[in-house]
$ cat start-v8.csv   # CSV, C-alpha atoms
chain,number,residue,atom,x,y,z
A,1315,MET,CA,54.5,-52.0,266.2
A,1316,LEU,CA,51.9,-54.8,265.6
A,1317,TYR,CA,54.3,-56.9,263.5
A,1318,ASN,CA,56.9,-57.1,266.2
A,1319,LEU,CA,54.2,-57.9,268.8
A,1320,ALA,CA,53.0,-60.8,266.6
A,1321,ILE,CA,56.6,-62.0,266.2
A,1322,TYR,CA,57.0,-62.2,270.0
A,1323,PHE,CA,53.7,-64.0,270.4
A,1324,TYR,CA,54.9,-66.4,267.6
A,1325,LEU,CA,58.2,-66.9,269.5
A,1326,MET,CA,56.3,-67.8,272.6
A,1327,GLY,CA,54.2,-70.3,270.7
A,1328,VAL,CA,57.2,-71.9,269.1
A,1329,ALA,CA,58.8,-72.3,272.5
A,1330,ILE,CA,55.7,-74.0,273.9
A,1331,ALA,CA,55.2,-76.2,270.8
A,1332,SER,CA,58.9,-77.3,270.9
A,1333,LEU,CA,58.0,-79.2,274.1
A,1334,PHE,CA,55.7,-81.5,272.1
A,1335,ASP,CA,56.8,-81.5,268.5
A,1336,ARG,CA,60.2,-82.8,267.4
A,1337,LYS,CA,60.3,-80.7,264.2
A,1338,VAL,CA,59.5,-77.5,266.0
A,1339,ARG,CA,62.0,-78.4,268.7
A,1340,THR,CA,64.7,-78.9,266.0
A,1341,MET,CA,63.9,-75.5,264.5
A,1342,TRP,CA,63.8,-73.8,267.9
A,1343,ARG,CA,67.2,-75.2,269.0
A,1344,GLY,CA,68.7,-74.4,265.6
A,1345,GLU,CA,67.6,-70.7,265.7
A,1346,ARG,CA,69.0,-70.4,269.2
A,1347,ALA,CA,72.3,-71.9,268.1
A,1348,ALA,CA,72.7,-69.7,265.0
A,1349,PHE,CA,74.5,-66.9,266.8
A,1350,ASP,CA,77.1,-69.3,268.3
A,1351,ILE,CA,77.7,-70.7,264.8
A,1352,LEU,CA,78.2,-67.2,263.4
A,1353,LYS,CA,80.5,-66.1,266.1
A,1354,GLN,CA,82.7,-69.1,265.5
A,1355,LYS,CA,82.8,-69.0,261.8
A,1356,VAL,CA,82.4,-65.4,260.5
A,1357,ASP,CA,85.6,-63.9,259.1
A,1358,PRO,CA,85.4,-60.2,259.9
A,1359,SER,CA,87.6,-59.3,257.0
A,1360,ALA,CA,85.5,-61.2,254.4
A,1361,ASN,CA,82.8,-59.9,252.1
A,1362,TYR,CA,79.7,-62.0,252.6
A,1363,VAL,CA,76.9,-62.5,250.2
A,1364,TRP,CA,73.8,-63.7,252.1
A,1365,PHE,CA,71.4,-66.2,250.6
A,1366,HIS,CA,68.2,-67.0,252.5
A,1367,ALA,CA,65.9,-69.9,251.6
A,1368,ALA,CA,62.9,-70.9,253.7
A,1369,SER,CA,63.2,-74.6,252.9
A,1370,LEU,CA,64.7,-77.2,250.6
A,1371,GLY,CA,62.7,-76.2,247.5
A,1372,GLU,CA,63.8,-72.5,247.8
A,1373,PHE,CA,67.4,-73.7,248.3
A,1374,GLU,CA,67.2,-75.5,245.0
A,1375,GLN,CA,66.1,-72.3,243.4
A,1376,GLY,CA,68.9,-70.3,244.9
A,1377,ARG,CA,71.6,-73.0,244.3
A,1378,PRO,CA,72.4,-72.1,240.7
A,1379,LEU,CA,73.2,-68.6,241.8
A,1380,MET,CA,75.3,-69.7,244.7
A,1381,GLU,CA,77.3,-72.2,242.6
A,1382,HIS,CA,78.0,-69.6,239.9
A,1383,LEU,CA,79.1,-67.1,242.6
A,1384,ARG,CA,81.4,-69.8,244.1
A,1385,ARG,CA,83.0,-70.5,240.7
A,1386,LYS,CA,83.3,-67.0,239.2
A,1387,HIS,CA,83.7,-64.7,242.3
A,1388,PRO,CA,85.9,-66.2,244.9
A,1389,GLU,CA,86.4,-62.8,246.4
A,1390,TYR,CA,83.0,-63.3,248.1
A,1391,LYS,CA,82.1,-65.7,250.9
A,1392,ILE,CA,78.6,-67.2,251.0
A,1393,LEU,CA,76.3,-67.3,254.0
A,1394,LEU,CA,73.3,-69.6,253.6
A,1395,THR,CA,70.4,-69.5,256.1
A,1396,PHE,CA,67.2,-71.5,256.4
A,1397,PHE,CA,63.9,-71.1,258.2
A,1398,SER,CA,62.7,-74.7,258.1
A,1399,PRO,CA,64.4,-77.9,259.4
A,1400,SER,CA,63.4,-79.6,256.1
A,1401,GLY,CA,65.9,-77.3,254.4
A,1402,TYR,CA,68.6,-77.0,257.0
A,1403,GLU,CA,68.8,-80.6,258.2
A,1404,VAL,CA,69.2,-81.9,254.6
A,1405,ARG,CA,71.7,-79.2,253.4
A,1406,LYS,CA,73.6,-78.3,256.6
A,1407,ASN,CA,76.7,-79.8,255.1
A,1408,TYR,CA,76.3,-78.3,251.6
A,1409,GLU,CA,79.8,-77.5,250.4
A,1410,GLY,CA,78.8,-74.5,248.2
A,1411,ALA,CA,78.5,-72.2,251.2
A,1412,ASP,CA,81.0,-71.0,253.8
A,1413,ILE,CA,78.5,-70.8,256.6
A,1414,ILE,CA,75.2,-72.5,257.0
A,1415,CYS,CA,72.7,-71.9,259.8
A,1416,TYR,CA,69.1,-71.2,260.7
A,1417,LEU,CA,67.9,-67.6,260.4
A,1418,PRO,CA,67.2,-66.2,263.9
A,1419,LEU,CA,63.5,-65.1,264.2
A,1420,ASP,CA,62.8,-61.7,262.9
A,1421,THR,CA,62.8,-59.6,266.1
A,1422,PRO,CA,64.5,-56.2,266.0
A,1423,ILE,CA,67.3,-57.4,268.4
A,1424,ASN,CA,68.0,-60.5,266.4
A,1425,ALA,CA,68.1,-58.7,263.1
A,1426,ILE,CA,70.5,-56.1,264.5
A,1427,ARG,CA,72.8,-58.7,266.0
A,1428,PHE,CA,72.7,-60.9,262.9
A,1429,LEU,CA,73.5,-58.1,260.5
A,1430,ARG,CA,76.3,-56.7,262.7
A,1431,LEU,CA,78.0,-60.0,262.7
A,1432,ILE,CA,77.7,-60.7,259.0
A,1433,ARG,CA,77.8,-57.2,257.4
A,1434,PRO,CA,76.7,-58.6,254.0
A,1435,VAL,CA,77.5,-56.8,250.9
A,1436,LYS,CA,74.6,-58.3,249.0
A,1437,ALA,CA,71.5,-60.3,250.0
A,1438,PHE,CA,69.5,-62.8,247.9
A,1439,LEU,CA,66.1,-63.8,249.3
A,1440,ILE,CA,64.5,-66.8,247.5
A,1441,LYS,CA,60.9,-66.8,246.4
A,1442,TYR,CA,58.7,-65.8,249.4
A,1443,GLU,CA,60.9,-64.5,252.1
A,1444,PHE,CA,60.1,-60.9,253.3
A,1445,TRP,CA,61.2,-60.4,256.9
A,1446,TYR,CA,60.3,-56.9,258.0
A,1447,ASN,CA,63.1,-56.1,260.5
A,1448,TYR,CA,65.9,-57.7,258.4
A,1449,LEU,CA,64.9,-55.9,255.3
A,1450,HIS,CA,64.4,-52.4,256.9
A,1451,ILE,CA,67.9,-52.6,258.4
A,1452,LEU,CA,69.4,-53.8,255.2
A,1453,LYS,CA,67.8,-50.8,253.4
A,1454,HIS,CA,69.0,-48.4,256.1
A,1455,ARG,CA,72.6,-49.8,255.5
A,1456,ASN,CA,72.3,-49.4,251.7
A,1457,VAL,CA,72.8,-53.2,251.2
A,1458,PRO,CA,71.4,-54.3,247.8
A,1459,VAL,CA,68.7,-56.9,248.3
A,1460,TYR,CA,67.4,-59.1,245.5
A,1461,SER,CA,64.2,-61.2,245.5
A,1462,VAL,CA,64.8,-64.2,243.2
A,1463,SER,CA,62.3,-66.5,241.5
A,1464,SER,CA,59.6,-64.7,243.5
A,1465,ILE,CA,55.9,-65.1,242.6
A,1466,PHE,CA,53.0,-63.0,243.7
A,1467,ARG,CA,49.2,-63.6,243.8
A,1468,PRO,CA,46.3,-61.3,244.5
A,1469,SER,CA,45.5,-63.3,247.6
A,1470,GLN,CA,48.7,-62.3,249.3
A,1471,VAL,CA,48.6,-59.9,252.2
A,1472,PHE,CA,50.5,-57.2,250.2
A,1473,PHE,CA,47.5,-56.8,247.8
A,1474,ARG,CA,44.6,-57.0,250.3
A,1475,TRP,CA,42.9,-54.0,251.8
A,1476,TYR,CA,44.3,-54.7,255.2
A,1477,GLY,CA,47.9,-55.2,254.0
A,1478,GLY,CA,49.0,-51.5,253.9
A,1479,ALA,CA,51.2,-51.8,257.0
A,1480,TYR,CA,53.2,-54.6,255.5
A,1481,ARG,CA,53.5,-53.3,251.9
A,1482,GLY,CA,56.4,-51.1,252.9
A,1483,VAL,CA,58.6,-54.2,253.3
A,1484,LEU,CA,58.5,-54.7,249.5
A,1485,ARG,CA,60.1,-51.3,249.0
A,1486,CYS,CA,63.2,-52.5,250.8
A,1487,ILE,CA,63.9,-54.8,247.9
A,1488,THR,CA,66.4,-53.4,245.4
A,1489,HIS,CA,65.1,-55.5,242.5
A,1490,PHE,CA,62.6,-58.3,242.0
A,1491,TYR,CA,63.3,-61.1,239.6
A,1492,VAL,CA,59.8,-62.7,239.3
A,1493,GLN,CA,58.6,-65.8,237.7
A,1494,ASN,CA,55.7,-64.4,235.6
A,1495,GLU,CA,54.0,-61.3,234.1
A,1496,THR,CA,51.2,-61.5,236.7
A,1497,SER,CA,53.7,-60.9,239.5
A,1498,ARG,CA,55.2,-57.9,237.7
A,1499,GLU,CA,51.8,-56.4,237.2
A,1500,LEU,CA,50.8,-56.8,240.8
A,1501,LEU,CA,54.0,-55.1,242.0
A,1502,ASN,CA,53.6,-52.4,239.4
A,1503,GLY,CA,50.1,-51.8,240.8
A,1504,LEU,CA,51.7,-50.9,244.1
A,1505,GLY,CA,54.1,-48.5,242.4
A,1506,ILE,CA,57.0,-50.9,242.5
A,1507,ASP,CA,58.8,-50.7,239.1
A,1508,CYS,CA,62.1,-52.4,240.0
A,1509,VAL,CA,60.8,-55.7,238.5
A,1510,THR,CA,62.1,-58.0,235.8
A,1511,VAL,CA,60.4,-61.2,234.6
A,1512,THR,CA,63.2,-63.7,234.5
A,1513,GLY,CA,61.4,-67.0,235.2
A,1514,ASP,CA,62.2,-69.7,237.7
A,1515,THR,CA,65.8,-70.7,238.4
A,1516,ARG,CA,64.6,-74.2,239.3
A,1517,PHE,CA,64.4,-75.1,235.6
A,1518,ASP,CA,68.2,-74.4,235.3
A,1519,ARG,CA,68.8,-76.5,238.4
A,1520,VAL,CA,66.9,-79.6,237.3
A,1521,LEU,CA,68.6,-79.5,233.9
A,1522,ARG,CA,71.9,-79.4,235.8
A,1523,ILE,CA,70.8,-82.3,238.0
A,1524,LYS,CA,70.0,-84.3,235.0
A,1525,GLU,CA,73.6,-83.7,233.6
A,1526,GLN,CA,75.0,-84.9,237.0
A,1527,SER,CA,72.7,-87.9,237.5
A,1528,LYS,CA,74.0,-91.0,239.0
A,1529,ILE,CA,74.1,-94.5,237.5
A,1530,LEU,CA,72.5,-96.9,239.9
A,1531,PRO,CA,73.3,-100.5,239.1
A,1532,VAL,CA,70.8,-101.9,241.5
A,1533,VAL,CA,68.0,-99.9,239.9
A,1534,GLU,CA,69.2,-100.9,236.5
A,1535,SER,CA,69.0,-104.6,237.5
A,1536,PHE,CA,65.4,-103.9,238.8
A,1537,ARG,CA,64.5,-102.2,235.5
A,1538,ARG,CA,66.1,-104.8,233.1
A,1539,GLY,CA,63.6,-106.8,231.0
A,1540,CYS,CA,60.5,-104.9,232.2
A,1541,PRO,CA,58.5,-103.0,229.5
A,1542,HIS,CA,57.2,-100.4,231.9
A,1543,VAL,CA,58.4,-98.9,235.2
A,1544,PHE,CA,56.4,-96.5,237.4
A,1545,VAL,CA,58.4,-94.2,239.7
A,1546,ALA,CA,56.6,-92.5,242.7
A,1547,GLY,CA,58.7,-89.7,244.3
A,1548,SER,CA,58.1,-87.9,247.6
A,1549,SER,CA,54.9,-89.9,248.2
A,1550,TRP,CA,52.6,-89.7,251.2
A,1551,PRO,CA,50.1,-92.3,252.4
A,1552,PRO,CA,47.1,-90.7,250.5
A,1553,ASP,CA,49.2,-90.9,247.3
A,1554,GLU,CA,50.3,-94.4,247.9
A,1555,ASP,CA,46.7,-95.6,248.6
A,1556,ILE,CA,45.8,-94.6,245.0
A,1557,PHE,CA,48.7,-95.8,242.9
A,1558,ILE,CA,49.4,-99.0,244.9
A,1559,ARG,CA,45.8,-100.1,244.5
A,1560,TYR,CA,46.2,-99.9,240.7
A,1561,PHE,CA,49.5,-101.8,240.5
A,1562,LEU,CA,48.2,-104.6,242.7
A,1563,GLN,CA,45.9,-105.3,239.7
A,1564,HIS,CA,48.5,-104.7,237.0
A,1565,PRO,CA,51.6,-106.9,237.6
A,1566,GLU,CA,53.0,-106.1,234.2
A,1567,TRP,CA,54.3,-102.8,235.7
A,1568,LYS,CA,57.2,-102.6,238.1
A,1569,VAL,CA,57.0,-99.9,240.7
A,1570,ILE,CA,59.7,-97.8,242.5
A,1571,ILE,CA,58.5,-95.8,245.5
A,1572,ALA,CA,60.7,-93.1,247.1
A,1573,PRO,CA,58.5,-91.9,250.0
A,1574,HIS,CA,58.8,-88.4,251.4
A,1575,LYS,CA,59.2,-89.7,254.9
A,1576,ILE,CA,61.7,-92.5,255.4
A,1577,ASP,CA,61.0,-94.0,258.8
A,1578,GLU,CA,60.4,-97.6,259.7
A,1579,ASP,CA,56.7,-97.2,260.4
A,1580,HIS,CA,56.0,-95.7,257.0
A,1581,LEU,CA,58.2,-98.2,255.2
A,1582,GLN,CA,56.3,-101.1,256.8
A,1583,GLN,CA,53.0,-99.5,255.9
A,1584,ILE,CA,54.0,-99.4,252.2
A,1585,GLU,CA,55.2,-103.0,252.4
A,1586,GLN,CA,51.8,-104.0,253.9
A,1587,LYS,CA,49.9,-102.2,251.1
A,1588,LEU,CA,52.0,-104.1,248.6
A,1589,SER,CA,51.2,-107.5,250.1
A,1590,GLY,CA,51.3,-110.1,247.4
A,1591,ARG,CA,54.0,-108.4,245.3
A,1592,ARG,CA,57.7,-109.2,245.6
A,1593,VAL,CA,59.1,-106.1,247.4
A,1594,VAL,CA,62.7,-105.1,248.2
A,1595,ARG,CA,64.3,-102.1,249.9
A,1596,TYR,CA,67.0,-100.4,248.0
A,1597,THR,CA,69.6,-100.6,250.8
A,1598,HIS,CA,68.8,-104.2,251.6
A,1599,THR,CA,69.2,-105.8,248.2
A,1600,ASP,CA,71.8,-106.4,245.5
A,1601,ASP,CA,71.6,-106.7,241.7
A,1602,LYS,CA,70.3,-110.3,241.9
A,1603,GLY,CA,67.6,-109.5,244.5
A,1604,ALA,CA,66.5,-106.4,242.6
A,1605,SER,CA,66.2,-108.2,239.3
A,1606,GLY,CA,63.6,-110.6,240.8
A,1607,ALA,CA,61.6,-108.0,242.5
A,1608,GLU,CA,58.4,-106.3,241.3
A,1609,CYS,CA,58.5,-103.3,243.7
A,1610,MET,CA,61.4,-101.4,245.1
A,1611,ILE,CA,61.2,-99.0,248.0
A,1612,ILE,CA,63.9,-96.3,248.2
A,1613,ASP,CA,64.8,-96.2,251.9
A,1614,CYS,CA,67.5,-93.5,251.7
A,1615,PHE,CA,67.8,-89.9,250.6
A,1616,GLY,CA,69.7,-88.3,247.7
A,1617,LEU,CA,68.7,-90.6,244.8
A,1618,LEU,CA,65.3,-89.5,243.7
A,1619,SER,CA,66.4,-87.1,240.9
A,1620,SER,CA,68.5,-89.9,239.4
A,1621,ILE,CA,65.8,-92.6,239.9
A,1622,TYR,CA,63.3,-90.8,237.8
A,1623,HIS,CA,65.5,-91.6,234.8
A,1624,TYR,CA,64.6,-95.3,235.1
A,1625,GLY,CA,60.8,-94.6,234.9
A,1626,ASP,CA,58.4,-94.5,232.0
A,1627,VAL,CA,55.8,-92.7,234.1
A,1628,ALA,CA,56.3,-90.7,237.3
A,1629,TYR,CA,54.1,-89.6,240.2
A,1630,VAL,CA,55.1,-86.7,242.5
A,1631,GLY,CA,53.4,-86.7,245.9
A,1632,GLY,CA,52.1,-84.1,248.2
A,1633,GLY,CA,49.1,-83.1,246.2
A,1634,PHE,CA,46.6,-84.5,248.7
A,1635,GLY,CA,48.3,-82.5,251.5
A,1636,VAL,CA,50.0,-79.2,251.8
A,1637,GLY,CA,51.0,-79.1,248.1
A,1638,ILE,CA,52.9,-81.1,245.5
A,1639,HIS,CA,56.7,-81.6,245.6
A,1640,ASN,CA,59.1,-80.9,242.8
A,1641,ILE,CA,57.5,-82.2,239.5
A,1642,LEU,CA,60.3,-80.7,237.4
A,1643,GLU,CA,62.8,-83.3,238.7
A,1644,ALA,CA,60.7,-85.9,237.0
A,1645,ALA,CA,59.6,-84.0,233.9
A,1646,VAL,CA,63.1,-83.3,232.9
A,1647,TRP,CA,63.5,-87.0,232.1
A,1648,ASN,CA,60.8,-86.9,229.3
A,1649,VAL,CA,58.2,-88.7,231.3
A,1650,PRO,CA,54.5,-87.9,232.0
A,1651,VAL,CA,54.0,-86.8,235.6
A,1652,PHE,CA,51.0,-87.5,237.8
A,1653,PHE,CA,50.2,-85.2,240.8
A,1654,GLY,CA,47.3,-84.6,243.2
A,1655,PRO,CA,44.8,-81.7,243.2
A,1656,ASN,CA,46.5,-79.3,245.6
A,1657,ASN,CA,48.7,-77.7,243.0
A,1658,SER,CA,47.1,-74.3,242.4
A,1659,HIS,CA,50.0,-72.4,243.9
A,1660,PHE,CA,52.5,-74.2,241.6
A,1661,GLN,CA,52.8,-72.4,238.3
A,1662,GLU,CA,54.7,-75.3,236.6
A,1663,ALA,CA,51.8,-77.7,237.4
A,1664,GLN,CA,49.2,-75.3,235.9
A,1665,VAL,CA,51.2,-75.2,232.7
A,1666,MET,CA,52.0,-78.8,232.5
A,1667,LYS,CA,48.5,-80.1,233.1
A,1668,ASP,CA,47.4,-78.0,230.1
A,1669,GLY,CA,48.8,-80.4,227.6
A,1670,ASN,CA,52.5,-80.3,228.6
A,1671,GLY,CA,53.0,-83.7,230.2
A,1672,GLY,CA,51.2,-83.2,233.6
A,1673,LEU,CA,48.3,-85.4,234.7
A,1674,GLU,CA,46.3,-84.1,237.7
A,1675,ILE,CA,44.2,-86.6,239.6
A,1676,SER,CA,41.7,-86.3,242.4
A,1677,THR,CA,40.5,-89.9,242.8
A,1678,TYR,CA,41.6,-93.4,242.1
A,1679,GLU,CA,39.2,-93.5,239.1
A,1680,ASP,CA,41.1,-90.5,237.6
A,1681,PHE,CA,44.4,-92.3,238.0
A,1682,GLU,CA,43.0,-95.6,236.6
A,1683,VAL,CA,41.7,-94.0,233.4
A,1684,GLN,CA,44.9,-92.2,232.7
A,1685,MET,CA,47.1,-95.2,233.5
A,1686,ASN,CA,45.0,-97.5,231.3
A,1687,ARG,CA,45.6,-95.2,228.4
A,1688,LEU,CA,49.3,-94.8,229.1
A,1689,SER,CA,49.6,-98.6,229.3
A,1690,SER,CA,47.8,-99.3,226.1
A,1691,ASP,CA,49.1,-96.4,223.9
A,1692,ASP,CA,52.8,-96.2,223.7
A,1693,THR,CA,52.6,-93.3,221.2
A,1694,TYR,CA,50.5,-91.3,223.7
A,1695,LEU,CA,52.9,-92.1,226.5
A,1696,LYS,CA,56.0,-91.1,224.5
A,1697,ASP,CA,54.4,-87.9,223.2
A,1698,LEU,CA,53.2,-86.8,226.7
A,1699,GLY,CA,56.7,-87.5,228.1
A,1700,GLU,CA,58.4,-85.5,225.3
A,1701,ARG,CA,56.1,-82.5,226.0
A,1702,ALA,CA,57.1,-82.6,229.7
A,1703,GLY,CA,60.8,-82.6,228.8
A,1704,GLN,CA,60.4,-79.8,226.3
A,1705,PHE,CA,58.5,-77.7,228.7
A,1706,VAL,CA,61.4,-77.8,231.1
A,1707,LYS,CA,64.0,-77.0,228.4
A,1708,SER,CA,61.9,-74.1,227.2
A,1709,LYS,CA,61.9,-72.4,230.6
A,1710,ALA,CA,65.7,-72.5,231.1
A,1711,GLY,CA,67.8,-69.4,231.5
A,1712,ALA,CA,66.5,-67.5,234.5
A,1713,THR,CA,69.9,-67.8,236.3
A,1714,GLN,CA,71.7,-66.2,233.5
A,1715,ARG,CA,69.2,-63.3,233.3
A,1716,VAL,CA,69.5,-62.6,237.0
A,1717,LEU,CA,73.3,-62.7,237.0
A,1718,GLU,CA,73.5,-60.4,234.0
A,1719,SER,CA,71.2,-57.9,235.8
A,1720,VAL,CA,73.1,-58.0,239.1
A,1721,ASN,CA,76.4,-57.8,237.2
A,1722,LEU,CA,77.8,-61.0,238.6
A,1723,LEU,CA,78.8,-62.9,235.4

$ encode --input "start-v8.csv" --output "structure tokens"
Amino acid sequence: MLYNLAIYFYLMGVAIASLFDRKVRTMWRGERAAFDILKQKVDPSANYVWFHAASLGEFEQGRPLMEHLRRKHPEYKILLTFFSPSGYEVRKNYEGADIICYLPLDTPINAIRFLRLIRPVKAFLIKYEFWYNYLHILKHRNVPVYSVSSIFRPSQVFFRWYGGAYRGVLRCITHFYVQNETSRELLNGLGIDCVTVTGDTRFDRVLRIKEQSKILPVVESFRRGCPHVFVAGSSWPPDEDIFIRYFLQHPEWKVIIAPHKIDEDHLQQIEQKLSGRRVVRYTHTDDKGASGAECMIIDCFGLLSSIYHYGDVAYVGGGFGVGIHNILEAAVWNVPVFFGPNNSHFQEAQVMKDGNGGLEISTYEDFEVQMNRLSSDDTYLKDLGERAGQFVKSKAGATQRVLESVNLL
């Protein structure tokens, strides 16, 4: 069929691209190694529940379910697969799963081999993942498949005039747990009624992260005595060009920058843009050095969700590129959150910028106007932050609703 032909062409393209692109090469090698990992680690006598997440964001949505399953149902083992290196390479040592590997590309042969090795008793696909061959084989084997925190839009292939050949894959899903009413209505329009609006499990996850946040003495020393601290998380150069320009002119603010890419070239670029300010890198300083600095660059992974706690205003990057990163990790700390214009596919951003603590910007001038108001009006700053935090709290509970429906409490 046309789908499988396209997959084989894609496979050829990935093989060629892997010769020139390190990220693609990492993914290519990881997919090829997946069957070796499975052969070594699969326990033939175990009952596996399979979770698949495309990348890191989807992993965070599935994580509350995996952790509950780990605690309450030790009779199951957990297989976690990723499609993207940005998920696998960060979470390949995650202790909440028994086996972690890349998902082999969705060819008929790969799908058959994979499912013969695992023989899952249930499968959870997070948000967007709908692989034709895997899903049809799972349905043929009567394995329950759940789509969790999924969200649908009219522009997706399933709902276009030319999408008929691919709509059948949706009928392989046992039940959809969708984020909003629009998604339910779109699926109902295709005659798919096994749909429940549960919300997004990420809200439960960020609330849990807040409870488990780390105390960071170096950041506390940096923060001490300063009336206002600005935290930029997952920033890219276009983001940095905007907010750094502002803070070069406003030394009354201290700035913490946790860039999305932590490599020496990018770190040096940030330092050059901050020329004239006292800058330290997190891993290169101590309490004394941090207390005398005006800007701190977080040059390691794993701290960002805790660092937002030390800010009065947050900025989440990616909105001038492929899309914003996780704004909920910042909002949960009761702080206003800035983000760029590429956010239309992020439901939480659409709600937050409508008076719930989110501040969309497209230009430096947008940022300057909003920052000037936040700097001069503490009541406005506090109110906007409280709205952000309340928004996150009001959306909690999706994990519980999914578990009740699947009967895994």

$ atom_distance --input "start-v8.csv" --atom1 "atom CA of A:Val1543" --atom2 "atom CA of A:His1564"
11.6 Å

$ closest_residue --input "start-v8.csv" --among "A:Glu1374, A:Asp1514, A:Asp1420, A:Asp1357" --to "A:Ile1392" --atoms "only C-alpha atoms"
A:Asp1357

$ closest_atom_pairs --input "start-v8.csv" --of "stretch 1376-1428 of chain A" --to "stretch 1443-1467 of chain A" --cutoff "7 Å" --atoms "all atoms listed in the file" --output "tab-separated table"
residue	atom	partner	partner_atom	distance
A:Asp1420	CA	A:Asn1447	CA	6.1
A:Thr1421	CA	A:Asn1447	CA	6.6
A:Pro1422	CA	A:Asn1447	CA	5.7
A:Ala1425	CA	A:Tyr1448	CA	5.3

$ atom_distance --input "start-v8.csv" --atom1 "atom CA of A:Ala1710" --atom2 "atom CA of A:Ala1644"
15.5 Å

$ closest_residue --input "start-v8.csv" --among "A:Leu1717, A:Leu1419, A:Leu1393, A:Ala1645" --to "A:Ile1321" --atoms "only C-alpha atoms"
A:Leu1419

$ closest_residue --input "start-v8.csv" --among "A:Gln1563, A:Arg1537, A:Val1665, A:Pro1358" --to "A:Lys1602" --atoms "only C-alpha atoms"
A:Arg1537

$ closest_residue --input "start-v8.csv" --among "A:Tyr1629, A:Phe1681, A:Lys1337, A:Gln1493" --to "A:Arg1516" --atoms "only C-alpha atoms"
A:Gln1493

$ atom_distance --input "start-v8.csv" --atom1 "atom CA of A:Val1683" --atom2 "atom CA of A:Leu1698"
15.1 Å

$ closest_residue --input "start-v8.csv" --among "A:Tyr1624, A:Trp1550, A:His1580, A:Ile1556" --to "A:Ile1638" --atoms "all atoms listed in the file"
A:Trp1550

$ closest_residue --input "start-v8.csv" --among "A:Lys1386, A:Arg1701, A:Val1651, A:Asn1640" --to "A:Gly1669" --atoms "only C-alpha atoms"
A:Arg1701

$ axis_aligned_box --input "start-v8.csv" --around "stretch 1411-1429 of chain A" --padding-each-side "5 Å" --output "JSON"
{"center_x": 71.9, "center_y": -64.3, "center_z": 259.8, "size_x": 28.2, "size_y": 26.4, "size_z": 27.2}

$ residues_near_point --input "start-v8.csv" --point "(55.4, -87.2, 226.5)" --cutoff "12 Å" --atoms "all atoms listed in the file" --output "number ranges by chain"
A: 1626-1628, 1644-1651, 1666-1667, 1669-1673, 1688, 1691-1705

$ residues_around --input "start-v8.csv" --residues "A:Ala1347" --least-positions-apart "3" --cutoff "12 Å" --atoms "all atoms listed in the file" --output "NGL selection string"
:A and (1340-1344 or 1350-1354 or 1414-1419)
